[in-house]
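*Asks:* Dumping the structure here so I can ask a few things about it.
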Amino acid sequence: MESVNQDSHDDYYLELSSDPIRFQSVSCLTNVFFDDSKQQVFAVRSGGVTGVSVKGPTENINFRMEDKGPVISIKFSPDMNILAIQHNSSSVEFINYSPVTGLDNIEYSQSCKGKNATILGFVWTHGNEIVLVTDYGVELFQVNPEKRSVRILKCLSLGVNWFIFCPQSYLVLLSSGTVGNQMQTLHVTPGNLHKLTKFEVEAGTTKPGKLAVYERDVALAVLYGTPCIILLRHQPGINRSTGRASVYVYTVHKMTTIKRSHILKLDVSGKFAINVVDNLIIVHHQTTKWLFATVALQAHLKSLQTSMIFDIMLPGVSDGTVMHHTSVAPAKPIRPYSLKIGGATLSNETYQPCQLYSPNWVVFQPNIIIDAKLGCLWYIELKLEALTKLVTDKELLVEFLMQRTNAKQILIQVLQNFMTQLPVSLMDMPVIFDKLNSVYRNYLEGEMQNQIGTPVQNNIRNTSTTIDNYKYKLLLDQSDMYSYILSKFSENTIEPKMIIWVLLEYIRSLAEHGIPVQHYLYELVITTLVQRKAYYQLHQLLQYHVVADSKPLACLLLSLENLYSAAHQLALDMLKRLGNAHEEIIEVLLSKGHILPALRYVRSVGMVDQVSDRKFLEAAKATEDATLFYSVFKFFKQRNLYLYNATTSTKGERYQPYIQHYKHLFEGTDNSSSSDTNSNDTAVSSVLRAITQFDSAVTWNNAEYI
């Protein structure tokens, strides 16, 4: 562990990574360079003669190179096989590199094509392609390390003041024009440069020789999968130390057009820097310190150094063309941080507090902060747990968390807390459920499209967000809601009627979004009502089909008969409505000893030739009713004769117990087997008479079922 974050129990929602990338700090002998494409720091000592150290997320490289003068810029190609070095303003040198052999001893170079042009910088793009940006235009080259040659691929002429590059979207933003308020964006593809539409930034009143927009005030990022240009703007004509600042967000549509879509209200003045973390725009605010300020005033100014957090996916206030946003949470400073220094052993370790928002800080995209004087590279990180305490709007908090990476457990915890606050959260829950199920429905539609390969009609209610991409939203399905939230209610903290309301409200939301409700949610409703002895409510929910019919629910109702006697009949009604539960209905009737009604039901649904005769014979035998057993035995004997056309159809070993029981009951009363064979009408009539006599023993809500 290189460092430590202080104040473990706090409300800071931003912090520096605990294990920074350490490099040799800048000095009179060491220059430090950063390649934001590969996130590598180059520490070049004495022009490279005494060594070059490269530190990155996965790299730790050291090599030496020949001193050819001061280094202006140094970067590795994407595959780390070519090192590009700029020593002057007109050319770039290349040296092949191998992890085994190190740098090659042969160099080759490329001068910019524009006469009298000055190279403002270069970036590696696709493979071994490199873009040189000069004050006269942009040039795309391909470097061949095997042949040690460079060839031109594309060249665009344009007056350039400065440029920035985004390695995620391969966009290059160029500042042009006399006052630098004209913005030209290029999209770099393999072997080509594509111009996007130009846009202008309001210039205001600028002093001679000053630009309206500087590189430090612009950042390129990808927000929710869409390339964006983030531009810091002070009120035109007002000093940045006194005027109110805003951040403009320009959205790049389909790599063709650029439109200003969002304005972030800062409502403060001073110096600013921008990071992007998890699709959030972080604006760091540093007040302008007075050189001769008192200690007390400096402490006050330090307390004003804070960061703000913005989410363009959240609803804002629209003026018809642009969406205006405020900070998601109150401005807070980055969590205090201490860096480990010295100490060969644990006992000798000491920690030095770091100055936050230091003048030595340089911010890079998307989430990098470098202090070259300390020799540290940090990643700015988000603490969602702290944010949940600061965002008071419940609906806003849920929508915010749904758009964060790895926030599922935190969102579940937030929803659990909402449930403990009922009925305070009563008005928020329907909207929150709708937000969750809107994403759930979209996910199900996507799954269906993947399976059948055709689009599914989308009936999800449209949201007001400009970038409406559901793949960046967190999914909580029915299983999650049941396992972590809806089944975790405590009657000690929540009134039972509130539990029922929440369950039904969630089911309502699922139904409105066209999502089939899983049976375990209905089971939870039923068991909760039974526990409350709210049998009248239960009866109404079932009678008016608020609870959907299913076999598992019918089985649950059957199990509740001891608590609510009508549950048995409700279960039978539900099974009958399903239309595919004939066997289950027969089993229920037999288990209750309603054998003749079961036979009537078998006949009514045309299953006489399918049911098991032994099952009925066993049930009839168990009743110890001789007349009933006689009727059932004769009925199935005639059925088997009809089906199998065999006089021995009931004389196998499996029928012997029932034949013996029959003989025991009616020995001597039925002497002629031939009479049995030829008396089909008599046997059936006997069964029907017995069934008619038995009808009065069973009550059905819907008499036509049996």
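Residues are referred to by chain and number: the chain letter is A, B, ... according to the order shown in the structure tokens, the number counts from 1 in that chain, and ligands are numbered separately from 1 in the order shown.
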Could you pull out the helix (DSSP H, G or I) residues of segment 178-353 of chain A from DSSP and send them as a list in words?

*Replies:*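 The helix (DSSP H, G or I) residues within segment 178-353 of chain A come out as Glu215, Arg216, Asp217, Val295, Ala296, Leu297, Gln298, Ala299, His300, Leu301, Lys302, Ser303, Leu346, Ser347 and Asn348 of chain A.
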
*Asks:* Write out as an NGL selection string which residues come within 12 Å of Ser483 of chain A when counting only C-alpha atoms, dropping same-chain ones fewer than 3 positions away.

*Replies:* :A and (412 or 416 or 476-480 or 486-489 or 520-521 or 524)

*Asks:* Could you take the residues named above and write them with C-alpha atoms, as a CSV table (one decimal), in the first residue's frame?

*Replies:*
chain,number,residue,atom,x,y,z
A,412,ILE,CA,-30.7,-2.8,-3.4
A,416,GLN,CA,-34.4,-1.7,1.3
A,476,LEU,CA,-33.3,-5.4,-11.3
A,477,ASP,CA,-35.6,-8.2,-12.3
A,478,GLN,CA,-38.4,-9.9,-10.4
A,479,SER,CA,-36.0,-12.4,-8.9
A,480,ASP,CA,-33.8,-9.7,-7.5
A,486,LEU,CA,-40.1,-7.8,-1.2
A,487,SER,CA,-39.5,-10.9,0.8
A,488,LYS,CA,-37.4,-9.1,3.4
A,489,PHE,CA,-40.1,-7.0,5.1
A,520,TYR,CA,-43.7,-16.5,-6.4
A,521,LEU,CA,-44.7,-12.9,-6.2
A,524,LEU,CA,-46.0,-13.8,-1.4

*Asks:* At a cut-off of 8 Å, using only C-alpha atoms, what residues contact Gln286 of chain A? Leave out same-chain residues fewer than 3 positions from it and give the result as a ChimeraX atom specification.

*Replies:* /A:270-272,304-306,357

*Asks:* Using Å and a single decimal, report how far atom CA of Val131 of chain A sits from atom CA of Gly102 of chain A.

*Replies:*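 We find that atom CA of Gly102 of chain A and atom CA of Val131 of chain A lie 24.6 Å from each other.
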
*Asks:* So, counting only C-alpha atoms, which residue among A:Arg335, A:Pro167, A:Asn181, A:Phe616 is closest to Asp10 of chain A?

*Replies:* A:Arg335

*Asks:* Just want the 7 Å neighbourhood of segment 538-553 of chain A, counted on only C-alpha atoms, with same-chain residues fewer than 4 positions away dropped. Output as a list in words.

*Replies:*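 Non-adjacent residues within range: His519, Tyr522, Glu523, Ile526, Leu529, Ala534, Leu557, Met574, Leu575 and Leu578 of chain A.
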
*Asks:* Dump N, CA, C and O atoms for the selected residues as a compact mmCIF listing (two decimals), in the first residue's frame?

*Replies:*
# COMPACT_ATOMS: atom_id res chain seq x y z
N HIS A 519 -44.93 -16.50 -10.46
CA HIS A 519 -45.88 -17.02 -9.46
C HIS A 519 -45.42 -16.75 -8.03
O HIS A 519 -46.26 -16.59 -7.13
N TYR A 522 -47.00 -13.69 -6.53
CA TYR A 522 -48.39 -13.92 -6.11
C TYR A 522 -48.42 -14.76 -4.83
O TYR A 522 -49.26 -14.53 -3.95
N GLU A 523 -47.54 -15.74 -4.73
CA GLU A 523 -47.48 -16.55 -3.52
C GLU A 523 -47.19 -15.69 -2.31
O GLU A 523 -47.75 -15.89 -1.23
N ILE A 526 -50.34 -13.88 -1.31
CA ILE A 526 -51.32 -14.76 -0.67
C ILE A 526 -50.89 -15.11 0.75
O ILE A 526 -51.68 -15.02 1.70
N LEU A 529 -51.35 -12.17 3.09
CA LEU A 529 -52.75 -11.95 3.45
C LEU A 529 -53.23 -13.00 4.45
O LEU A 529 -53.98 -12.68 5.39
N ALA A 534 -56.40 -11.76 6.47
CA ALA A 534 -57.20 -10.89 5.60
C ALA A 534 -57.84 -11.75 4.52
O ALA A 534 -57.55 -11.61 3.32
N LEU A 557 -52.84 -22.62 -2.37
CA LEU A 557 -54.17 -22.48 -1.78
C LEU A 557 -54.63 -23.78 -1.12
O LEU A 557 -55.25 -23.77 -0.05
N MET A 574 -59.45 -22.36 -9.62
CA MET A 574 -58.29 -21.88 -10.35
C MET A 574 -57.76 -22.95 -11.30
O MET A 574 -57.44 -22.67 -12.47
N LEU A 575 -57.68 -24.18 -10.83
CA LEU A 575 -57.20 -25.27 -11.69
C LEU A 575 -58.11 -25.47 -12.89
O LEU A 575 -57.66 -25.73 -14.02
N LEU A 578 -57.56 -22.84 -15.56
CA LEU A 578 -56.32 -23.01 -16.32
C LEU A 578 -56.54 -23.87 -17.56
O LEU A 578 -55.89 -23.67 -18.59

*Asks:* So which one's closest to Asn640 of chain A, A:Ile281, A:Asp613, A:Arg45, A:Ser27? Using only C-alpha atoms, please.

*Replies:* A:Asp613

*Asks:* With only C-alpha atoms as the counted atoms, please give the residues lying no more than 6 Å from segment 598-611 of chain A, apart from itself and same-chain residues fewer than 2 positions off, as a PyMOL selection string.

*Replies:* chain A and resi 586+589+595-596+706

*Asks:* Residues of the last selection are to be written out with N, CA, C and O atoms, as a short mmCIF file (atom, residue, chain, number, x, y, z; two decimals), in the first residue's frame.

*Replies:*
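Everything below was put into again24.cif:
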data_model
loop_
_atom_site.label_atom_id
_atom_site.label_comp_id
_atom_site.auth_asym_id
_atom_site.auth_seq_id
_atom_site.Cartn_x
_atom_site.Cartn_y
_atom_site.Cartn_z
N ILE A 586 -58.24 -34.09 -10.59
CA ILE A 586 -58.60 -35.47 -10.23
C ILE A 586 -57.89 -35.87 -8.95
O ILE A 586 -58.49 -36.46 -8.04
N LEU A 589 -59.57 -34.19 -5.94
CA LEU A 589 -60.85 -34.82 -5.59
C LEU A 589 -60.65 -36.16 -4.92
O LEU A 589 -61.31 -36.49 -3.93
N ILE A 595 -64.76 -39.44 -4.86
CA ILE A 595 -64.40 -40.35 -5.95
C ILE A 595 -65.39 -40.26 -7.09
O ILE A 595 -65.00 -40.17 -8.27
N LEU A 596 -66.67 -40.29 -6.78
CA LEU A 596 -67.66 -40.21 -7.86
C LEU A 596 -67.66 -38.86 -8.56
O LEU A 596 -67.76 -38.80 -9.80
N ILE A 706 -68.30 -30.17 -12.77
CA ILE A 706 -68.32 -31.61 -12.48
C ILE A 706 -69.61 -32.23 -13.00
O ILE A 706 -70.68 -31.69 -12.73
#

*Asks:* Out of A:Thr58, A:Gln110, A:Thr388, A:Asn192, which residue has the shortest atom-to-atom distance to Gln86 of chain A when counting only C-alpha atoms?

*Replies:*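 Distance minimum relative to Gln86 of chain A lands on A:Gln110.
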
*Asks:* Calculated over only C-alpha atoms, which of the candidates A:Val362, A:Ile370, A:Val49, A:Met481 has the smallest distance to Gln409 of chain A?

*Replies:*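 Among the listed residues, A:Met481 lies closest to Gln409 of chain A.
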
*Asks:* List the neighbours of segment 200-212 of chain A out to 10 Å using only C-alpha atoms; skip same-chain residues closer than 3 positions along the sequence, and give me the result as number ranges by chain.

*Replies:* A: 161, 175-184, 215, 231, 233-238, 248

*Asks:* Taking only C-alpha atoms into account, which of A:Val143, A:Glu395, A:Lys383, A:Glu495 comes nearest Leu422 of chain A?

*Replies:*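 Closest candidate: A:Glu495.
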
*Asks:* Interatomic distance between atom CA of Leu132 of chain A and atom CA of Met80 of chain A?

*Replies:*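 Here the two named atoms are 18.6 Å from each other.
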
*Asks:* Between A:Leu339, A:Leu280, A:Ile309, A:Ile507, single out the one closest to Gln403 of chain A, counting only C-alpha atoms.

*Replies:*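 Looking at the shortest contact to Gln403 of chain A, the residue is A:Leu280.
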
*Asks:* Write out as number ranges by chain the residues lying within 10 Å of segment 117-127 of chain A, counting only C-alpha atoms and excluding same-chain residues fewer than 4 positions away.

*Replies:* A: 35-38, 72-79, 84-86, 88-92, 111-113, 131-143, 160-167, 170-172, 188-191

*Asks:* Give me a file of those residues, with N, CA and C atoms, as a short mmCIF file (atom, residue, chain, number, x, y, z; two decimals), in the first residue's frame.

*Replies:*
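File written: out.cif
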data_model
loop_
_atom_site.label_atom_id
_atom_site.label_comp_id
_atom_site.auth_asym_id
_atom_site.auth_seq_id
_atom_site.Cartn_x
_atom_site.Cartn_y
_atom_site.Cartn_z
N ASP A 35 1.42 10.32 -21.93
CA ASP A 35 0.68 9.90 -23.11
C ASP A 35 -0.70 9.48 -22.66
N ASP A 36 -1.70 10.34 -22.91
CA ASP A 36 -3.04 10.04 -22.41
C ASP A 36 -3.72 8.91 -23.18
N SER A 37 -3.21 8.55 -24.37
CA SER A 37 -3.80 7.44 -25.11
C SER A 37 -3.50 6.11 -24.41
N LYS A 38 -2.26 5.90 -24.01
CA LYS A 38 -1.88 4.67 -23.34
C LYS A 38 -1.73 4.84 -21.83
N ILE A 72 10.52 17.15 -26.70
CA ILE A 72 9.27 17.91 -26.65
C ILE A 72 8.10 16.98 -26.35
N SER A 73 8.13 15.77 -26.94
CA SER A 73 7.06 14.79 -26.73
C SER A 73 7.62 13.41 -27.02
N ILE A 74 7.08 12.40 -26.32
CA ILE A 74 7.54 11.03 -26.51
C ILE A 74 6.37 10.08 -26.23
N LYS A 75 6.14 9.12 -27.18
CA LYS A 75 5.00 8.22 -27.04
C LYS A 75 5.31 6.89 -27.74
N PHE A 76 4.78 5.80 -27.16
CA PHE A 76 4.85 4.50 -27.79
C PHE A 76 3.64 4.29 -28.70
N SER A 77 3.84 3.49 -29.76
CA SER A 77 2.72 3.09 -30.61
C SER A 77 1.81 2.15 -29.83
N PRO A 78 0.57 1.92 -30.30
CA PRO A 78 -0.37 1.08 -29.55
C PRO A 78 0.17 -0.30 -29.21
N ASP A 79 0.95 -0.92 -30.12
CA ASP A 79 1.47 -2.26 -29.86
C ASP A 79 2.86 -2.23 -29.23
N ALA A 84 8.02 6.99 -30.71
CA ALA A 84 8.06 8.25 -31.44
C ALA A 84 8.54 9.36 -30.51
N ILE A 85 9.50 10.15 -31.00
CA ILE A 85 10.09 11.22 -30.19
C ILE A 85 10.13 12.50 -31.02
N GLN A 86 9.70 13.58 -30.41
CA GLN A 86 9.78 14.89 -31.06
C GLN A 86 10.83 15.73 -30.35
N ASN A 88 12.16 18.58 -32.20
CA ASN A 88 12.05 19.94 -32.74
C ASN A 88 10.63 20.15 -33.25
N SER A 89 10.36 21.30 -33.81
CA SER A 89 9.01 21.68 -34.21
C SER A 89 8.66 21.28 -35.64
N SER A 90 9.57 20.57 -36.33
CA SER A 90 9.29 20.26 -37.73
C SER A 90 9.32 18.78 -38.07
N SER A 91 9.75 17.91 -37.15
CA SER A 91 9.83 16.49 -37.50
C SER A 91 9.65 15.63 -36.24
N VAL A 92 9.38 14.34 -36.49
CA VAL A 92 9.25 13.34 -35.44
C VAL A 92 10.16 12.17 -35.79
N SER A 111 9.24 14.48 -41.49
CA SER A 111 8.99 15.92 -41.36
C SER A 111 7.56 16.21 -41.78
N CYS A 112 6.99 17.28 -41.23
CA CYS A 112 5.65 17.67 -41.64
C CYS A 112 5.68 18.19 -43.07
N LYS A 113 4.60 17.97 -43.80
CA LYS A 113 4.55 18.31 -45.22
C LYS A 113 4.41 19.81 -45.46
N VAL A 131 -0.85 10.61 -36.39
CA VAL A 131 -1.38 11.89 -36.86
C VAL A 131 -0.47 13.00 -36.35
N LEU A 132 0.02 13.82 -37.27
CA LEU A 132 0.78 15.02 -36.92
C LEU A 132 -0.12 16.22 -37.10
N VAL A 133 -0.26 17.01 -36.05
CA VAL A 133 -1.07 18.22 -36.11
C VAL A 133 -0.12 19.41 -36.11
N THR A 134 -0.23 20.23 -37.16
CA THR A 134 0.60 21.44 -37.27
C THR A 134 -0.29 22.66 -37.23
N ASP A 135 0.35 23.82 -37.19
CA ASP A 135 -0.45 25.04 -37.20
C ASP A 135 -1.07 25.30 -38.56
N TYR A 136 -0.72 24.48 -39.56
CA TYR A 136 -1.28 24.63 -40.91
C TYR A 136 -2.21 23.48 -41.31
N GLY A 137 -2.36 22.48 -40.46
CA GLY A 137 -3.25 21.40 -40.84
C GLY A 137 -2.97 20.10 -40.12
N VAL A 138 -3.52 19.03 -40.67
CA VAL A 138 -3.42 17.70 -40.06
C VAL A 138 -2.90 16.73 -41.11
N GLU A 139 -1.93 15.89 -40.71
CA GLU A 139 -1.32 14.94 -41.63
C GLU A 139 -1.34 13.55 -41.01
N LEU A 140 -1.81 12.57 -41.78
CA LEU A 140 -1.90 11.19 -41.33
C LEU A 140 -0.84 10.35 -42.05
N PHE A 141 -0.03 9.65 -41.27
CA PHE A 141 1.05 8.83 -41.83
C PHE A 141 0.91 7.39 -41.35
N GLN A 142 1.51 6.49 -42.14
CA GLN A 142 1.64 5.10 -41.73
C GLN A 142 3.11 4.77 -41.58
N VAL A 143 3.47 4.20 -40.43
CA VAL A 143 4.86 3.87 -40.14
C VAL A 143 5.07 2.37 -40.34
N VAL A 160 -4.62 26.03 -37.41
CA VAL A 160 -4.88 25.39 -36.11
C VAL A 160 -4.18 26.17 -35.01
N ASN A 161 -4.94 26.47 -33.94
CA ASN A 161 -4.37 27.10 -32.76
C ASN A 161 -3.90 26.05 -31.74
N TRP A 162 -4.72 25.05 -31.52
CA TRP A 162 -4.39 23.95 -30.63
C TRP A 162 -5.30 22.77 -30.97
N PHE A 163 -5.02 21.61 -30.40
CA PHE A 163 -5.86 20.43 -30.66
C PHE A 163 -5.88 19.54 -29.43
N ILE A 164 -6.91 18.70 -29.36
CA ILE A 164 -6.98 17.63 -28.36
C ILE A 164 -7.50 16.37 -29.06
N PHE A 165 -7.13 15.22 -28.49
CA PHE A 165 -7.47 13.94 -29.11
C PHE A 165 -8.16 13.04 -28.08
N CYS A 166 -9.15 12.28 -28.53
CA CYS A 166 -9.84 11.34 -27.66
C CYS A 166 -9.56 9.92 -28.14
N PRO A 167 -8.79 9.12 -27.40
CA PRO A 167 -8.46 7.76 -27.85
C PRO A 167 -9.64 6.81 -27.82
N TYR A 170 -11.60 8.31 -31.14
CA TYR A 170 -10.72 8.69 -32.26
C TYR A 170 -11.17 10.00 -32.91
N LEU A 171 -11.59 10.92 -32.06
CA LEU A 171 -11.94 12.26 -32.52
C LEU A 171 -10.79 13.21 -32.21
N VAL A 172 -10.54 14.13 -33.16
CA VAL A 172 -9.56 15.19 -32.96
C VAL A 172 -10.31 16.52 -33.06
N VAL A 188 -10.92 10.08 -37.00
CA VAL A 188 -9.81 9.33 -37.59
C VAL A 188 -10.21 7.87 -37.71
N THR A 189 -10.25 7.37 -38.94
CA THR A 189 -10.49 5.96 -39.20
C THR A 189 -9.22 5.37 -39.82
N PRO A 190 -9.07 4.05 -39.87
CA PRO A 190 -7.85 3.49 -40.46
C PRO A 190 -7.59 4.02 -41.87
N GLY A 191 -6.52 4.76 -42.01
CA GLY A 191 -6.11 5.27 -43.32
C GLY A 191 -6.83 6.51 -43.79
#

*Asks:* Between atom CA of Ser246 of chain A and atom CA of Lys265 of chain A, what distance in Å does the model show, to one decimal?

*Replies:* 4.9 Å
